[in-house]
>>> print(open('start02.cif').read())   # mmCIF, C-alpha atoms
data_entry
loop_
_atom_site.label_atom_id
_atom_site.label_comp_id
_atom_site.auth_asym_id
_atom_site.auth_seq_id
_atom_site.Cartn_x
_atom_site.Cartn_y
_atom_site.Cartn_z
CA MET A 244 -7.42 -4.17 30.69
CA ARG A 245 -8.67 -7.58 29.59
CA ALA A 246 -10.81 -7.55 26.46
CA LYS A 247 -14.53 -8.08 26.98
CA TYR A 248 -15.29 -8.87 23.35
CA ILE A 249 -13.53 -11.01 20.77
CA ASN A 250 -11.25 -9.77 18.03
CA PRO A 251 -13.32 -9.99 14.81
CA PHE A 252 -10.16 -10.21 12.69
CA THR A 253 -9.51 -13.72 14.02
CA ASP A 254 -11.00 -16.67 12.13
CA PHE A 255 -12.99 -17.69 15.20
CA GLY A 256 -14.25 -14.17 15.89
CA PHE A 257 -15.28 -13.43 12.31
CA LYS A 258 -17.18 -16.69 11.89
CA LYS A 259 -18.76 -16.35 15.34
CA ILE A 260 -20.27 -12.99 14.43
CA PHE A 261 -21.13 -13.63 10.78
CA GLY A 262 -20.63 -17.29 9.87
CA GLU A 263 -22.94 -19.33 12.11
CA GLU A 264 -26.58 -20.17 11.50
CA ALA A 265 -27.51 -18.05 14.51
CA SER A 266 -25.50 -15.17 13.02
CA LYS A 267 -27.54 -15.03 9.83
CA PRO A 268 -29.36 -11.77 10.80
CA GLN A 269 -25.96 -10.06 11.28
CA LEU A 270 -24.57 -11.28 7.96
CA LEU A 271 -27.77 -10.37 6.11
CA ASP A 272 -27.79 -6.88 7.64
CA PHE A 273 -24.11 -6.35 6.82
CA LEU A 274 -24.52 -7.45 3.19
CA ASN A 275 -27.61 -5.28 2.71
CA ALA A 276 -25.64 -2.31 4.06
CA LEU A 277 -22.76 -3.04 1.68
CA LEU A 278 -24.34 -4.04 -1.62
CA PRO A 279 -25.68 -1.29 -3.88
CA GLN A 280 -28.64 -3.22 -5.20
CA PRO A 281 -32.27 -2.05 -5.42
CA ASN A 282 -33.70 -5.32 -4.15
CA LYS A 283 -32.48 -6.07 -0.66
CA ILE A 284 -31.60 -9.60 0.39
CA VAL A 285 -34.54 -11.21 2.13
CA ASP A 286 -33.01 -14.50 3.20
CA LEU A 287 -29.68 -16.30 3.22
CA SER A 288 -28.66 -19.93 3.40
CA PHE A 289 -25.14 -21.05 4.24
CA LYS A 290 -23.40 -23.33 1.77
CA ASN A 291 -20.43 -25.65 2.13
CA ALA A 292 -17.37 -23.40 2.52
CA GLU A 293 -15.08 -26.09 1.06
CA GLN A 294 -15.18 -26.23 -2.72
CA LEU A 295 -13.62 -29.23 -4.39
CA GLY A 296 -12.05 -29.34 -7.84
CA ILE A 297 -13.45 -31.35 -10.73
CA THR A 298 -11.02 -34.18 -9.95
CA ASP A 299 -9.23 -35.23 -6.77
CA ALA A 300 -6.00 -33.82 -8.22
CA ASP A 301 -7.47 -30.33 -8.64
CA ARG A 302 -6.84 -27.65 -6.06
CA LYS A 303 -9.79 -26.90 -3.78
CA ALA A 304 -10.95 -23.62 -2.25
CA ILE A 305 -11.98 -23.01 1.36
CA TYR A 306 -13.93 -19.84 2.03
CA ASP A 307 -14.47 -18.10 5.35
CA ILE A 308 -18.18 -17.73 4.54
CA TYR A 309 -20.13 -18.96 1.52
CA CYS A 310 -23.86 -18.32 1.26
CA GLU A 311 -26.74 -17.90 -1.16
CA ASN A 312 -29.75 -15.58 -1.14
CA GLU A 313 -33.36 -16.37 -2.04
CA LYS A 314 -32.63 -15.66 -5.73
CA GLY A 315 -29.77 -18.14 -5.90
CA GLU A 316 -27.11 -15.40 -6.00
CA LYS A 317 -23.81 -16.47 -4.43
CA PHE A 318 -21.79 -14.59 -1.81
CA ILE A 319 -18.21 -15.34 -0.81
CA VAL A 320 -17.02 -13.37 2.23
CA GLU A 321 -13.30 -13.49 3.08
CA LEU A 322 -11.43 -11.89 5.96
CA GLN A 323 -7.78 -11.25 5.14
CA LYS A 324 -5.63 -10.25 8.09
CA ALA A 325 -2.21 -9.71 6.53
CA LYS A 326 -1.10 -8.58 3.10
CA GLN A 327 -0.66 -11.52 0.77
CA ASN A 328 0.91 -11.72 -2.66
CA TYR A 329 -1.70 -12.19 -5.38
CA PHE A 330 -4.66 -11.81 -3.03
CA ARG A 331 -6.74 -10.33 -5.83
CA GLU A 332 -5.85 -13.28 -8.05
CA ARG A 333 -6.90 -15.57 -5.22
CA THR A 334 -10.37 -13.99 -5.01
CA ILE A 335 -10.76 -14.28 -8.78
CA TYR A 336 -9.82 -17.95 -8.55
CA TYR A 337 -12.33 -18.41 -5.74
CA SER A 338 -15.08 -16.83 -7.84
CA THR A 339 -14.76 -19.54 -10.49
CA PHE A 340 -16.18 -22.20 -8.14
CA PRO A 341 -19.65 -20.69 -7.61
CA ILE A 342 -19.79 -19.98 -11.34
CA ARG A 343 -18.84 -23.52 -12.31
CA GLU A 344 -21.19 -25.17 -9.83
CA GLN A 345 -24.16 -23.58 -11.61
CA ALA A 346 -23.61 -25.74 -14.69
CA GLU A 347 -26.58 -28.00 -15.39
CA LYS A 348 -26.59 -31.36 -17.10
CA GLY A 349 -28.34 -31.70 -20.42
CA ASN A 350 -29.74 -28.65 -22.19
CA TRP A 351 -28.65 -25.45 -20.45
CA ASN A 352 -28.74 -21.87 -21.66
CA TYR A 353 -25.81 -20.63 -19.50
CA ASN A 354 -27.95 -18.12 -17.64
CA LEU A 355 -25.83 -17.59 -14.51
CA LYS A 356 -26.78 -16.21 -11.14
CA ALA A 357 -24.79 -13.28 -9.81
CA VAL A 358 -21.62 -13.93 -7.81
CA TYR A 359 -20.22 -11.50 -5.22
CA CYS A 360 -16.69 -11.86 -3.78
CA ILE A 361 -16.22 -9.69 -0.69
CA GLY A 362 -12.86 -9.19 0.99
CA ILE A 363 -12.58 -7.49 4.36
CA LEU A 364 -8.91 -6.50 4.53
CA ASP A 365 -6.82 -5.50 7.51
CA PHE A 366 -4.36 -3.85 5.10
CA THR A 367 -4.40 -1.62 2.02
CA PHE A 368 -3.25 -2.26 -1.52
CA ASP A 369 -0.28 -0.10 -2.51
CA ASP A 370 -0.54 0.04 -6.30
CA TYR A 371 -3.24 2.66 -6.81
CA GLU A 372 -2.30 5.38 -9.31
CA ALA A 373 -4.81 8.06 -8.30
CA GLU A 374 -4.39 9.68 -4.88
CA PRO A 375 -8.11 9.49 -3.86
CA GLU A 376 -8.12 5.71 -4.46
CA LYS A 377 -5.38 5.23 -1.86
CA HIS A 378 -7.69 6.50 0.89
CA GLU A 379 -11.03 4.94 -0.12
CA VAL A 380 -12.49 2.26 2.13
CA VAL A 381 -14.81 0.45 -0.29
CA HIS A 382 -13.70 -0.61 -3.78
CA PHE A 383 -16.24 -2.09 -6.22
CA ILE A 384 -14.85 -3.91 -9.26
CA LYS A 385 -16.79 -5.21 -12.27
CA LEU A 386 -15.81 -6.46 -15.72
CA LYS A 387 -15.72 -3.47 -18.09
CA ASP A 388 -14.79 -2.86 -21.72
CA GLN A 389 -12.22 -0.40 -23.08
CA LYS A 390 -14.73 2.45 -22.82
CA GLY A 391 -15.45 1.82 -19.14
CA LYS A 392 -18.88 0.31 -19.82
CA VAL A 393 -19.88 -2.68 -17.71
CA PHE A 394 -19.52 -5.78 -19.87
CA TYR A 395 -20.91 -8.29 -17.36
CA ASP A 396 -22.81 -7.18 -14.26
CA LYS A 397 -23.22 -10.54 -12.53
CA LEU A 398 -19.66 -10.79 -11.21
CA THR A 399 -18.66 -8.26 -8.54
CA TYR A 400 -15.55 -7.99 -6.40
CA ILE A 401 -15.73 -5.78 -3.32
CA TYR A 402 -12.71 -4.96 -1.18
CA LEU A 403 -13.03 -3.18 2.17
CA GLU A 404 -9.69 -1.67 3.21
CA MET A 405 -10.23 -1.31 6.96
CA PRO A 406 -7.10 0.78 7.76
CA ASN A 407 -8.62 3.55 5.60
CA PHE A 408 -11.74 3.72 7.78
CA LYS A 409 -10.98 6.54 10.22
CA LYS A 410 -14.42 7.78 11.31
CA ASN A 411 -15.18 8.22 14.99
CA GLU A 412 -18.56 7.54 16.60
CA GLU A 413 -19.89 11.06 15.98
CA GLU A 414 -19.09 10.85 12.25
CA LEU A 415 -21.01 7.65 11.48
CA GLU A 416 -23.72 8.31 8.90
CA THR A 417 -24.74 5.07 7.19
CA ARG A 418 -25.50 1.52 8.25
CA LEU A 419 -22.26 0.43 6.60
CA ASP A 420 -20.34 3.04 8.64
CA LYS A 421 -21.72 1.42 11.79
CA TRP A 422 -20.69 -2.06 10.72
CA LEU A 423 -17.17 -0.93 9.81
CA TYR A 424 -16.86 0.92 13.10
CA PHE A 425 -18.13 -2.19 14.92
CA ILE A 426 -15.61 -4.49 13.19
CA GLN A 427 -12.71 -2.10 13.66
CA ASN A 428 -13.29 -1.33 17.36
CA LEU A 429 -15.12 -4.34 18.81
CA GLU A 430 -12.16 -5.67 20.80
CA ASP A 431 -11.69 -2.26 22.49
CA PHE A 432 -15.29 -1.83 23.68
CA GLN A 433 -16.08 -2.39 27.36
CA SER A 434 -19.78 -1.64 26.93
CA ILE A 435 -22.23 -1.30 24.05
CA PRO A 436 -22.23 2.25 22.59
CA LEU A 437 -25.64 3.92 22.24
CA ILE A 438 -25.45 3.80 18.42
CA PHE A 439 -25.58 -0.02 18.60
CA LYS A 440 -28.77 -0.41 20.63
CA ASP A 441 -30.91 -2.02 17.89
CA GLU A 442 -31.54 -5.77 17.98
CA VAL A 443 -29.12 -6.82 15.23
CA PHE A 444 -26.13 -5.15 16.87
CA THR A 445 -27.20 -6.14 20.40
CA GLN A 446 -27.19 -9.78 19.29
CA ALA A 447 -23.78 -9.28 17.67
CA PHE A 448 -22.36 -7.99 20.96
CA GLU A 449 -23.90 -10.95 22.81
CA LYS A 450 -22.23 -13.38 20.40
CA ALA A 451 -18.93 -11.53 20.79
CA GLU A 452 -18.85 -11.51 24.61
CA ILE A 453 -15.99 -13.75 25.73
CA ALA A 454 -17.43 -14.40 29.20
CA LYS A 455 -20.33 -16.35 27.66
CA TYR A 456 -18.11 -18.93 25.95
CA ASN A 457 -17.63 -22.46 27.22
CA GLN A 458 -14.15 -23.95 27.58
CA VAL A 459 -14.09 -25.45 24.09
CA GLU A 460 -15.03 -22.09 22.56
CA LEU A 461 -12.46 -20.29 24.72
CA ASP A 462 -9.72 -22.69 23.64
CA SER A 463 -10.68 -22.24 19.99
CA TYR A 464 -10.68 -18.49 20.32
CA GLU A 465 -7.32 -18.37 22.14
CA SER A 466 -5.80 -20.56 19.45
CA SER A 467 -7.24 -18.36 16.70
CA LEU A 468 -6.07 -15.22 18.52
CA LYS A 469 -2.53 -16.61 18.78
CA VAL A 470 -2.43 -17.29 15.03
CA PHE A 471 -3.68 -13.76 14.37
CA ARG A 472 -1.06 -12.19 16.65
CA ASP A 473 1.75 -14.33 15.23
CA ASN A 474 0.78 -13.45 11.67
CA LYS A 475 0.52 -9.77 12.53
CA ALA A 476 3.88 -9.80 14.29
CA THR A 477 5.49 -11.50 11.29
CA PHE A 478 3.91 -9.01 8.89
CA ASP A 479 4.90 -6.01 11.05
CA TYR A 480 8.47 -7.31 11.32
CA ALA A 481 8.71 -7.85 7.56
CA LYS A 482 7.27 -4.40 6.94
CA GLN A 483 9.71 -2.72 9.37
CA THR A 484 12.65 -4.70 7.98
CA ALA A 485 11.75 -3.70 4.43
CA PHE A 486 11.41 -0.09 5.58
CA ASP A 487 14.83 -0.14 7.28
CA GLU A 488 16.43 -1.77 4.25
CA GLY A 489 14.83 0.86 2.06
CA ILE A 490 16.21 3.64 4.24
CA ASN A 491 19.72 2.13 4.19
CA GLU A 492 19.60 1.58 0.44
CA GLY A 493 18.33 5.13 -0.02
CA ARG A 494 21.21 6.48 2.04
CA LYS A 495 23.71 4.41 0.06
CA VAL A 496 22.33 5.53 -3.29
CA GLY A 497 22.08 9.10 -2.03
CA HIS A 498 25.70 9.01 -0.90
CA GLU A 499 26.87 7.63 -4.25
CA GLU A 500 24.82 10.16 -6.19
CA GLY A 501 26.07 12.90 -3.88
CA MET A 502 29.67 11.89 -4.55
CA LYS A 503 29.09 11.86 -8.31
CA GLU A 504 27.37 15.21 -8.21
CA GLY A 505 30.05 16.60 -5.90
CA ILE A 506 32.86 15.49 -8.24
CA LYS A 507 30.97 16.89 -11.21
CA GLU A 508 30.43 20.23 -9.50
CA GLY A 509 34.03 20.22 -8.23
CA ILE A 510 35.41 19.76 -11.75
CA LYS A 511 33.08 22.44 -13.06
CA GLU A 512 34.11 24.90 -10.34
CA GLY A 513 37.75 23.90 -10.75
CA ILE A 514 37.70 24.63 -14.49
CA LYS A 515 35.94 27.92 -13.86
CA GLU A 516 38.44 28.93 -11.18
CA GLY A 517 41.34 27.69 -13.30
CA ILE A 518 40.30 29.84 -16.25
CA LYS A 519 39.95 32.79 -13.93
CA GLU A 520 43.39 32.22 -12.41
CA GLY A 521 44.87 31.52 -15.83
CA ILE A 522 43.62 34.81 -17.22
CA LYS A 523 44.94 36.62 -14.17
CA GLU A 524 48.31 34.87 -14.44
CA GLY A 525 48.43 35.49 -18.20
CA ILE A 526 47.85 39.19 -17.78
CA LYS A 527 50.56 39.38 -15.13
CA LYS A 528 52.98 37.45 -17.32
CA GLY A 529 52.11 39.60 -20.33
CA ILE A 530 52.83 42.75 -18.38
CA GLU A 531 56.13 41.35 -17.19
CA GLU A 532 57.15 40.36 -20.72
CA GLY A 533 56.16 43.79 -22.00
CA GLU A 534 58.26 45.51 -19.36
CA TYR A 535 61.24 43.27 -20.18
CA LYS A 536 61.04 44.09 -23.87
CA ALA A 537 60.87 47.79 -23.04
CA LYS A 538 64.03 47.47 -20.90
CA LEU A 539 65.82 45.74 -23.76
CA GLU A 540 64.90 48.56 -26.18
CA ILE A 541 66.12 51.20 -23.71
CA ALA A 542 69.38 49.30 -23.11
CA LYS A 543 69.87 48.90 -26.84
CA THR A 544 69.47 52.66 -27.41
CA LEU A 545 71.79 53.58 -24.52
CA LYS A 546 74.43 51.17 -25.76
CA ALA A 547 74.24 52.59 -29.29
CA ASN A 548 74.83 56.04 -27.86
CA GLY A 549 78.01 54.93 -26.07
CA VAL A 550 76.64 54.83 -22.56
CA PRO A 551 78.86 52.69 -20.31
CA THR A 552 77.60 49.18 -19.52
CA GLU A 553 77.65 49.84 -15.76
CA LEU A 554 75.30 52.81 -16.18
CA ILE A 555 72.95 50.78 -18.45
CA ILE A 556 72.79 48.01 -15.80
CA LEU A 557 71.96 50.57 -13.14
CA THR A 558 69.25 52.13 -15.29
CA THR A 559 67.48 49.01 -16.70
CA LYS A 560 68.29 46.41 -14.00
CA LEU A 561 69.39 44.05 -16.80
CA SER A 562 72.40 41.79 -16.40
CA LYS A 563 75.74 42.38 -18.18
CA GLU A 564 75.17 39.15 -20.23
CA GLU A 565 71.76 40.44 -21.43
CA ILE A 566 73.31 43.79 -22.46
CA ASP A 567 76.29 42.16 -24.20
CA LYS A 568 73.88 40.19 -26.43
CA LEU A 569 72.31 43.41 -27.77
#
>>> encode(input="start02.cif", output="structure tokens")
Amino acid sequence: MRAKYINPFTDFGFKKIFGEEASKPQLLDFLNALLPQPNKIVDLSFKNAEQLGITDADRKAIYDIYCENEKGEKFIVELQKAKQNYFRERTIYYSTFPIREQAEKGNWNYNLKAVYCIGILDFTFDDYEAEPEKHEVVHFIKLKDQKGKVFYDKLTYIYLEMPNFKKNEEELETRLDKWLYFIQNLEDFQSIPLIFKDEVFTQAFEKAEIAKYNQVELDSYESSLKVFRDNKATFDYAKQTAFDEGINEGRKVGHEEGMKEGIKEGIKEGIKEGIKEGIKEGIKKGIEEGEYKAKLEIAKTLKANGVPTELIILTTKLSKEEIDKL
């Protein structure tokens, strides 16, 4: 079935829903649902998403969405579709631009406005130590000291790990739940669910409806969708290849370790069995030697008493040579 609504994980789709001037009510509502601040955002203004370095030689930064509220606080919103090395480092680098741009010429007391870096991720980080962290959807990060106390509360990093959001429609409780459910399932909807009947979400669905796009918008979306699918296919292939290689390497290591352990156990069992057989053989040999010595003593006594050699041989089963040596 052909999709009725756009995929919000594409660059075009994400910016269509949250990054246009007409989408300001949706972005404002989403941020208010996400940010744990007592004073809600009243208004937003979009800023230039391309941040230049101090000189032409410096590396620049291009955000998906960059905006500012009525207090001058800065918000960077990034959609990351595939896992990327050093993505956290990238967001930290990005956060330096809205900090640096606040510098004033002349006398300045360094009183900075808050900066929020928000990453909506279509993957999960895999380096969490605690089990609950691995399954959390929202991660808030601030600068803290060695005792866990917040050192600076005007710089906040927020990561939304979308694969960890597993609620169905009946389980949605908060406004943020609704937004995450909307983002995660938009492309699969064929009609607007009852939970999204308020004006903000109704407008979001209208902006996401593919049938309302002109040819230029359709071409842009198809191009963006192709990039998304290609990236996802590449990521999925790399993930599966790494998994297969891991399985093969595991089998190889397991086989080698099994061989080592098998040889070790074999030697151990062999020594044990050898001792057992040696004792058994030693006892048998001891008995045989004891019986032989007894025969010699009997033969020696018979010979001393003048018993004929033939009769001694018949009695002791010794040879004539053995008797002659006595």
>>> resolve_selection(input="start02.cif", expression="the PyMOL selection byres ((chain A and resi 365-376) around 8)", output="list of chain:residue names")
A:Phe252, A:Gln323, A:Lys324, A:Ala325, A:Lys326, A:Ile363, A:Leu364, A:Lys377, A:His378, A:Glu379, A:Glu404, A:Met405, A:Pro406, A:Asn407
>>> closest_residue(input="start02.cif", among="A:Lys519, A:Ser562, A:Phe289, A:Tyr400", to="A:Ser266", atoms="only C-alpha atoms")
A:Phe289
>>> resolve_selection(input="start02.cif", expression="the PyMOL selection byres ((chain A and resi 427-429) around 8)", output="list in words")
Tyr248, Ile249, Asn250, Pro251, Met405, Leu423, Tyr424, Phe425, Ile426, Glu430, Asp431 and Phe432 of chain A
>>> write_last_selection(input="start02.cif", atoms="C-alpha atoms", output="PDB file, keeping the file's coordinate frame")
ATOM      1  CA  TYR A 248     -15.290  -8.870  23.350  1.00  0.00           C
ATOM      2  CA  ILE A 249     -13.530 -11.010  20.770  1.00  0.00           C
ATOM      3  CA  ASN A 250     -11.250  -9.770  18.030  1.00  0.00           C
ATOM      4  CA  PRO A 251     -13.320  -9.990  14.810  1.00  0.00           C
ATOM      5  CA  MET A 405     -10.230  -1.310   6.960  1.00  0.00           C
ATOM      6  CA  LEU A 423     -17.170  -0.930   9.810  1.00  0.00           C
ATOM      7  CA  TYR A 424     -16.860   0.920  13.100  1.00  0.00           C
ATOM      8  CA  PHE A 425     -18.130  -2.190  14.920  1.00  0.00           C
ATOM      9  CA  ILE A 426     -15.610  -4.490  13.190  1.00  0.00           C
ATOM     10  CA  GLU A 430     -12.160  -5.670  20.800  1.00  0.00           C
ATOM     11  CA  ASP A 431     -11.690  -2.260  22.490  1.00  0.00           C
ATOM     12  CA  PHE A 432     -15.290  -1.830  23.680  1.00  0.00           C
TER      13      PHE A 432
END
>>> atom_distance(input="start02.cif", atom1="atom CA of A:Glu313", atom2="atom CA of A:Leu355")
14.6 Å
>>> residues_around(input="start02.cif", residues="A:Leu545", least_positions_apart="3", cutoff="12 Å", atoms="all atoms listed in the file", output="ChimeraX atom specification")
/A:538-542,548-559,566,569
>>> atom_distance(input="start02.cif", atom1="atom CA of A:Phe444", atom2="atom CA of A:Glu465")
23.6 Å
>>> closest_residue(input="start02.cif", among="A:Gly533, A:Ile361, A:Ala292, A:Asn411", to="A:Phe383", atoms="all atoms listed in the file")
A:Ile361
>>> closest_residue(input="start02.cif", among="A:Ala246, A:Val320, A:Leu270, A:Val470", to="A:Val443", atoms="only C-alpha atoms")
A:Leu270
